[in-house]
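Dropping input-v4.txt in here (compact mmCIF, C-alpha atoms):
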# COMPACT_ATOMS: atom_id res chain seq x y z
CA MET A 7 229.38 -20.10 14.54
CA TYR A 8 228.24 -16.79 16.05
CA PHE A 9 231.79 -15.81 17.00
CA PHE A 10 233.11 -16.82 13.57
CA LEU A 11 230.46 -14.73 11.77
CA LYS A 12 231.17 -11.71 13.98
CA VAL A 13 234.89 -11.92 13.23
CA PHE A 14 234.31 -12.50 9.51
CA SER A 15 231.86 -9.60 9.45
CA SER A 16 234.41 -7.29 11.05
CA TYR A 17 237.02 -8.34 8.47
CA LEU A 18 234.63 -7.65 5.57
CA ARG A 19 233.67 -4.23 6.89
CA ASN A 20 237.30 -3.19 7.20
CA ALA A 21 238.81 -4.96 4.20
CA PRO A 22 239.89 -2.80 1.25
CA THR A 23 238.00 -3.30 -2.01
CA PHE A 24 240.62 -5.57 -3.59
CA ALA A 25 240.61 -7.89 -0.55
CA TYR A 26 236.81 -7.97 -0.57
CA LYS A 27 236.82 -9.00 -4.25
CA ILE A 28 239.37 -11.73 -3.58
CA THR A 29 237.22 -13.01 -0.70
CA TYR A 30 234.17 -13.06 -2.99
CA LYS A 31 236.03 -15.14 -5.58
CA ILE A 32 237.16 -17.58 -2.90
CA ILE A 33 233.63 -17.96 -1.47
CA TYR A 34 232.13 -18.42 -4.93
CA SER A 35 234.74 -21.02 -5.93
CA LEU A 36 234.32 -22.83 -2.63
CA LEU A 37 230.53 -23.07 -2.94
CA PHE A 38 230.34 -23.73 -6.67
CA HIS A 39 233.43 -25.73 -7.56
CA LEU A 40 234.57 -27.44 -4.37
CA LEU A 41 231.56 -28.00 -2.12
CA LYS A 42 229.11 -27.94 -5.04
CA MET A 43 226.49 -26.87 -2.51
CA ARG A 44 222.98 -27.78 -3.72
CA LYS A 45 223.99 -27.78 -7.37
CA ARG A 46 221.75 -30.76 -8.06
CA VAL A 47 218.76 -29.00 -6.49
CA VAL A 48 219.44 -25.82 -8.48
CA LEU A 49 219.60 -27.72 -11.76
CA ILE A 50 216.45 -29.71 -11.02
CA ASN A 51 214.56 -26.51 -10.16
CA LEU A 52 215.73 -24.77 -13.33
CA ARG A 53 214.66 -27.76 -15.43
CA PHE A 54 211.27 -27.85 -13.71
CA ALA A 55 210.71 -24.13 -14.28
CA PHE A 56 212.25 -23.67 -17.73
CA LYS A 57 211.49 -26.89 -19.58
CA LYS A 58 212.72 -26.01 -23.05
CA LYS A 59 216.09 -24.41 -22.34
CA SER A 60 219.41 -25.89 -23.41
CA GLU A 61 221.85 -27.58 -21.08
CA GLU A 62 224.25 -24.68 -21.67
CA TRP A 63 221.55 -22.25 -20.49
CA TYR A 64 220.94 -24.27 -17.31
CA GLN A 65 224.65 -24.38 -16.51
CA ASN A 66 225.23 -20.69 -17.21
CA THR A 67 222.18 -19.60 -15.21
CA MET A 68 223.26 -21.78 -12.29
CA ARG A 69 226.78 -20.32 -12.38
CA GLU A 70 225.46 -16.75 -12.42
CA CYS A 71 223.08 -17.57 -9.57
CA TYR A 72 225.98 -18.74 -7.40
CA LYS A 73 227.93 -15.59 -8.25
CA PHE A 74 224.99 -13.33 -7.46
CA PHE A 75 224.19 -14.81 -4.07
CA SER A 76 227.84 -15.21 -3.06
CA LYS A 77 228.14 -11.44 -3.47
CA GLU A 78 224.83 -10.74 -1.72
CA PHE A 79 225.79 -12.96 1.20
CA LEU A 80 229.08 -11.12 1.69
CA ASP A 81 227.31 -7.77 1.44
CA PHE A 82 224.89 -8.92 4.14
CA LEU A 83 227.71 -10.11 6.41
CA SER A 84 229.51 -6.79 5.97
CA PHE A 85 226.43 -4.76 6.96
CA PRO A 86 226.11 -1.80 6.84
CA LYS A 87 229.13 -0.99 4.64
CA TYR A 88 227.92 -2.12 1.21
CA TYR A 89 224.26 -1.43 1.99
CA ASN A 90 225.09 2.24 2.52
CA PHE A 91 226.73 2.41 -0.91
CA SER A 92 223.96 0.55 -2.77
CA ASN A 93 222.16 2.63 -5.40
CA ILE A 94 218.52 1.65 -4.80
CA LYS A 95 215.82 3.24 -6.97
CA PHE A 96 212.09 3.02 -6.23
CA LYS A 97 210.14 2.74 -9.47
CA ASN A 98 206.64 3.38 -8.05
CA ILE A 99 206.77 3.75 -4.27
CA GLU A 100 203.44 5.62 -4.39
CA VAL A 101 201.75 2.20 -4.65
CA LEU A 102 203.11 1.31 -1.22
CA ALA A 103 202.47 4.80 0.20
CA THR A 104 198.80 4.70 -0.84
CA ALA A 105 198.31 1.32 0.83
CA HIS A 106 200.12 2.44 3.97
CA ALA A 107 197.94 5.56 4.24
CA LYS A 108 194.89 3.37 4.90
CA LYS A 109 196.26 2.74 8.44
CA LYS A 110 195.52 -0.98 8.29
CA GLY A 111 199.14 -2.03 8.07
CA VAL A 112 200.56 -3.40 4.83
CA ILE A 113 201.39 -7.01 4.05
CA LEU A 114 204.45 -6.85 1.83
CA VAL A 115 204.73 -10.10 -0.09
CA GLY A 116 208.07 -10.88 -1.64
CA SER A 117 210.29 -13.81 -2.51
CA HIS A 118 213.89 -14.94 -2.25
CA PHE A 119 214.64 -12.97 -5.37
CA GLY A 120 217.32 -10.36 -5.80
CA SER A 121 218.75 -8.32 -2.96
CA PHE A 122 215.68 -8.64 -0.78
CA ASP A 123 217.42 -7.57 2.44
CA LYS A 124 218.63 -4.41 0.70
CA LEU A 125 214.99 -3.70 -0.20
CA PHE A 126 213.98 -3.86 3.46
CA TYR A 127 216.94 -1.69 4.42
CA ALA A 128 215.92 0.90 1.82
CA LEU A 129 212.30 0.93 3.04
CA ASN A 130 213.50 1.52 6.58
CA LYS A 131 215.54 4.47 5.28
CA GLU A 132 212.30 5.81 3.77
CA GLY A 133 210.76 5.85 7.25
CA TYR A 134 208.67 2.68 7.13
CA VAL A 135 208.57 0.42 10.18
CA LEU A 136 209.03 -3.21 9.17
CA THR A 137 208.26 -6.50 10.88
CA GLY A 138 209.84 -9.52 9.22
CA VAL A 139 209.01 -13.22 9.39
CA ALA A 140 211.78 -15.74 8.74
CA TYR A 141 212.58 -19.41 9.15
CA ARG A 142 214.70 -20.21 12.19
CA GLN A 143 218.23 -21.23 11.15
CA ASN A 144 219.37 -24.74 12.08
CA ASN A 145 222.54 -23.33 13.63
CA ASN A 146 221.65 -21.25 16.68
CA GLY A 147 224.71 -19.02 16.42
CA ALA A 148 223.99 -18.20 12.77
CA ASP A 149 220.35 -17.58 13.62
CA ILE A 150 221.27 -15.05 16.31
CA PHE A 151 223.74 -13.29 14.01
CA PHE A 152 221.29 -12.99 11.08
CA LYS A 153 218.55 -11.75 13.41
CA GLU A 154 220.88 -9.12 14.88
CA VAL A 155 221.76 -7.81 11.42
CA ARG A 156 218.13 -7.66 10.23
CA GLU A 157 216.96 -5.89 13.35
CA ASN A 158 219.15 -2.97 12.32
CA PHE A 159 216.53 -2.19 9.67
CA MET A 160 213.49 -4.03 11.01
CA ALA A 161 211.60 -3.26 14.21
CA SER A 162 211.54 -6.99 14.87
CA GLN A 163 212.14 -10.32 13.15
CA LEU A 164 209.62 -13.01 14.03
CA TYR A 165 209.73 -16.70 13.15
CA LYS A 166 207.45 -18.77 10.94
CA GLY A 167 205.13 -20.89 13.03
CA GLY A 168 205.18 -18.39 15.90
CA ASP A 169 202.34 -16.59 17.66
CA ILE A 170 199.99 -15.21 15.00
CA LYS A 171 198.90 -12.49 17.43
CA GLN A 172 202.28 -10.85 16.95
CA LEU A 173 201.61 -10.59 13.23
CA LYS A 174 198.22 -9.01 13.86
CA HIS A 175 199.73 -6.55 16.34
CA SER A 176 202.27 -5.40 13.79
CA LEU A 177 199.45 -4.61 11.35
CA VAL A 178 197.43 -2.83 14.04
CA ARG A 179 200.48 -0.60 14.59
CA ASN A 180 200.44 0.13 10.83
CA ASN A 181 203.76 -1.62 10.28
CA ILE A 182 204.91 -3.18 7.03
CA LEU A 183 204.67 -6.94 7.60
CA VAL A 184 207.18 -8.71 5.34
CA LEU A 185 206.32 -12.23 4.18
CA LEU A 186 208.50 -14.08 1.68
CA SER A 187 205.95 -16.45 0.18
CA ASP A 188 207.84 -18.52 -2.38
CA GLN A 189 208.92 -21.64 -0.49
CA ASP A 190 207.16 -25.01 -0.37
CA ALA A 191 204.37 -24.89 2.24
CA LYS A 192 203.93 -28.66 2.57
CA LYS A 193 200.45 -29.85 3.63
CA LYS A 194 199.46 -26.46 5.01
CA GLY A 195 199.80 -24.72 1.66
CA VAL A 196 197.32 -23.69 -1.00
CA LEU A 197 197.89 -25.13 -4.46
CA SER A 198 198.79 -22.46 -6.99
CA LYS A 199 200.28 -22.58 -10.46
CA PHE A 200 203.98 -21.70 -10.34
CA PHE A 201 205.77 -22.24 -13.65
CA GLU A 202 202.74 -24.32 -14.71
CA ILE A 203 203.26 -26.69 -11.77
CA ASP A 204 200.66 -27.20 -9.02
CA SER A 205 202.72 -25.88 -6.11
CA SER A 206 202.09 -25.86 -2.37
CA THR A 207 202.23 -22.16 -1.52
CA HIS A 208 202.09 -20.20 1.73
CA SER A 209 198.69 -18.54 2.17
CA GLY A 210 199.43 -16.59 5.37
CA ALA A 211 199.46 -13.24 3.56
CA ALA A 212 196.02 -13.85 2.07
CA ILE A 213 194.53 -15.08 5.36
CA LEU A 214 195.90 -12.14 7.35
CA SER A 215 194.61 -9.72 4.73
CA LYS A 216 191.11 -11.17 4.94
CA ARG A 217 191.07 -11.14 8.73
CA ASN A 218 192.51 -7.67 9.22
CA LYS A 219 191.41 -5.94 5.99
CA SER A 220 195.05 -5.12 5.36
CA PRO A 221 196.20 -4.40 1.79
CA ILE A 222 198.74 -6.68 0.14
CA ILE A 223 201.56 -5.24 -1.94
CA TYR A 224 203.97 -7.40 -3.92
CA ALA A 225 207.53 -6.07 -3.96
CA SER A 226 210.58 -7.05 -6.00
CA ILE A 227 214.13 -5.73 -6.22
CA THR A 228 216.25 -6.41 -9.31
CA LYS A 229 219.91 -5.60 -9.83
CA ILE A 230 220.33 -3.82 -13.16
CA GLY A 231 223.93 -2.88 -13.82
CA LYS A 232 225.13 -0.96 -10.77
CA GLU A 233 221.62 -0.06 -9.61
CA TYR A 234 218.85 -1.89 -7.77
CA GLU A 235 215.35 -1.25 -9.09
CA VAL A 236 212.38 -1.74 -6.74
CA GLU A 237 208.86 -2.23 -8.07
CA PHE A 238 205.54 -2.60 -6.25
CA VAL A 239 202.32 -4.23 -7.43
CA LYS A 240 198.97 -3.94 -5.67
CA ILE A 241 197.30 -7.31 -5.11
CA ASP A 242 193.51 -7.52 -5.46
CA THR A 243 192.23 -8.92 -2.15
CA SER A 244 188.53 -9.06 -3.06
CA GLY A 245 188.62 -12.67 -4.22
CA SER A 246 189.12 -15.97 -2.40
CA ILE A 247 192.23 -17.03 -0.52
CA SER A 248 193.25 -19.17 -3.49
CA ASP A 249 192.75 -16.27 -5.89
CA ILE A 250 194.96 -14.00 -3.80
CA VAL A 251 197.68 -16.63 -3.43
CA GLN A 252 197.67 -17.22 -7.19
CA GLN A 253 198.02 -13.48 -7.84
CA TYR A 254 201.18 -12.99 -5.83
CA THR A 255 202.58 -16.33 -6.98
CA SER A 256 202.14 -15.19 -10.58
CA GLU A 257 203.89 -11.91 -9.81
CA ILE A 258 206.83 -13.80 -8.31
CA GLU A 259 207.03 -15.95 -11.43
CA LYS A 260 206.99 -12.93 -13.75
CA THR A 261 209.83 -11.36 -11.80
CA ILE A 262 211.93 -14.54 -11.95
CA ILE A 263 211.42 -15.03 -15.69
CA LYS A 264 213.02 -11.65 -16.42
CA ASN A 265 216.19 -12.39 -14.40
CA PRO A 266 216.29 -16.10 -13.41
CA GLU A 267 219.91 -15.87 -12.21
CA GLN A 268 218.78 -13.59 -9.37
CA TYR A 269 216.41 -16.13 -7.85
CA PHE A 270 217.42 -18.32 -4.91
CA TRP A 271 216.99 -21.71 -6.61
CA PHE A 272 218.61 -23.55 -3.70
CA HIS A 273 215.29 -24.34 -1.96
CA LYS A 274 213.38 -27.51 -2.88
CA ARG A 275 210.42 -25.43 -4.03
CA TRP A 276 208.37 -28.35 -5.31
CA LYS A 277 209.22 -31.06 -2.78
CA SER A 278 205.54 -31.52 -1.85
CA VAL A 279 204.52 -32.32 -5.42
CA ARG A 280 207.64 -33.68 -7.15
CA GLU A 281 210.57 -35.91 -6.30
CA TYR A 282 214.11 -34.52 -6.30
CA ILE A 283 215.96 -37.46 -7.81
Show me this structure written as structure tokens.
Amino acid sequence: MYFFLKVFSSYLRNAPTFAYKITYKIIYSLLFHLLKMRKRVVLINLRFAFKKKSEEWYQNTMRECYKFFSKEFLDFLSFPKYYNFSNIKFKNIEVLATAHAKKKGVILVGSHFGSFDKLFYALNKEGYVLTGVAYRQNNNGADIFFKEVRENFMASQLYKGGDIKQLKHSLVRNNILVLLSDQDAKKKGVLSKFFEIDSSTHSGAAILSKRNKSPIIYASITKIGKEYEVEFVKIDTSGSISDIVQQYTSEIEKTIIKNPEQYFWFHKRWKSVREYI
């Protein structure tokens, strides 16, 4: 898989625009129409989250979601070509700058919404040093390839379930520690309301903040026309772990509601609390 991804990446970087667009259409059609990859999961998630929408809305949103992430995946594989040409606008980067100036590191909480890798790339361009935490891919070759790409704009990519001391060290060095906190956390999670559903949610950001007195900033990136708009929200860390988790979970929900087609609905977000049948 690693060799295939390297070759495919080289093709995408060198392909003319028309060939790239044709490739995108092929990938989208393959995933959506032929393989129908996780379509059932996407529809179940949309019905859980948006209970009163029509069947036409569910189908259209699902279709647009596949289109969006097919394009984002190809952009990622072709790194850095289409990242360099992305028009990324920071709406209120002073929120992040103020937190970073405290020299306690910053815990940047995000989700699998929008062009999140482009957000990290843009922050690196602004001079911030990032440490990312990701799930290890099932395929070792793919895992190595994705890690290699991300370490072009991150100082390091760590893995969930790894040594927590590495996370603390990144904050001590005043890095931006990136945690995508929107997936099901199983038995280790804190229950928070997400689309009015009691949802097992990762609490690592809240725990690290309490232990290290590091500020938490929620970040989102939304594609609007030909631009990408980045917005930051300061999270109040004075309350309990549950309070903090609920705050950033609510921010994730608000972001999704505005542009549901840009959320990665392919995860079984509620598998700890609901059956996917």
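For the choices A:Asp249, A:Leu36, A:Phe122, A:Val13, the atom-to-atom distance to Lys199 of chain A is smallest for A:Asp249 when using all atoms listed in the file.
Residues of protein, DNA and RNA with at least one atom no farther than 7 Å from (207.1, -0.4, -12.1) are, using all atoms listed in the file, A:Lys97, A:Asn98, A:Glu237, A:Phe238.
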Would you pick out the contacts of Ser92 of chain A at 12 Å or less, using all atoms listed in the file, so that residues sharing its chain but fewer than 2 positions from it are not included, and give the list as an MDAnalysis selection string?
chainID A and resid 78 81:82 85:90 94:95 121 123:125 127:128 229:235
Any idea what's packed within 9 Å of segment 147-151 of chain A, counting all atoms listed in the file, ignoring anything in its chain fewer than 5 positions away? Could you give it as a count of residues only?
7
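Atom CA of Phe119 of chain A is positioned 20.0 Å from atom CA of Ile33 of chain A.
Put simply, atom CA of Gln252 of chain A is 23.6 Å away from atom CA of Phe126 of chain A.
With distances restricted to only C-alpha atoms, A:Val178 is the closest residue to Lys109 of chain A from A:Ile283, A:Ala191, A:Val178, A:Leu197.
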Tell me which protein, DNA and RNA residues are within 10 Å of Gly167 of chain A, counting only C-alpha atoms, leaving out same-chain ones fewer than 6 positions away, and put them as a list in words.
Val139, Ala140, Tyr141 and Arg142 of chain A
Can those selected residues be exported to a file as a compact mmCIF listing (two decimals), keeping the file's coordinate frame so that it contains C-alpha atoms?
# COMPACT_ATOMS: atom_id res chain seq x y z
CA VAL A 139 209.01 -13.22 9.39
CA ALA A 140 211.78 -15.74 8.74
CA TYR A 141 212.58 -19.41 9.15
CA ARG A 142 214.70 -20.21 12.19
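Residue nearest Tyr72 of chain A, chosen from A:Glu202, A:Glu267, A:Glu281, A:Glu132 and counting all atoms listed in the file: A:Glu267.
Between atom CA of Tyr30 of chain A and atom CA of Tyr282 of chain A the interatomic distance comes to 29.6 Å.
Closest approach to Lys77 of chain A among A:Val48, A:Ile32, A:Leu214, A:Ala105: A:Ile32, based on only C-alpha atoms.
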Using all atoms listed in the file, can you list as a VMD selection string the residues within 9 Å of (202.6, -3.1, 12.9)?
chain A and resid 110 to 112 135 to 137 172 to 183
Could you work out an axis-aligned bounding box for all listed atoms of segment 156-159 of chain A, with 3 Å added on each of the six sides, and give its centre and edge lengths in Å to one decimal, as AutoDock Vina command-line options?
--center_x 217.8 --center_y -4.9 --center_z 11.5 --size_x 8.6 --size_y 11.5 --size_z 9.7
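Using all atoms listed in the file, the nearest neighbour of Ser215 of chain A within the list A:Phe200, A:Leu37, A:Val115, A:Asn265 is A:Val115.
Using all atoms listed in the file, the shortest contact distance between Ile227 of chain A and any of A:Leu129, A:Val196, A:Ala212, A:Ala103 is found at A:Leu129.
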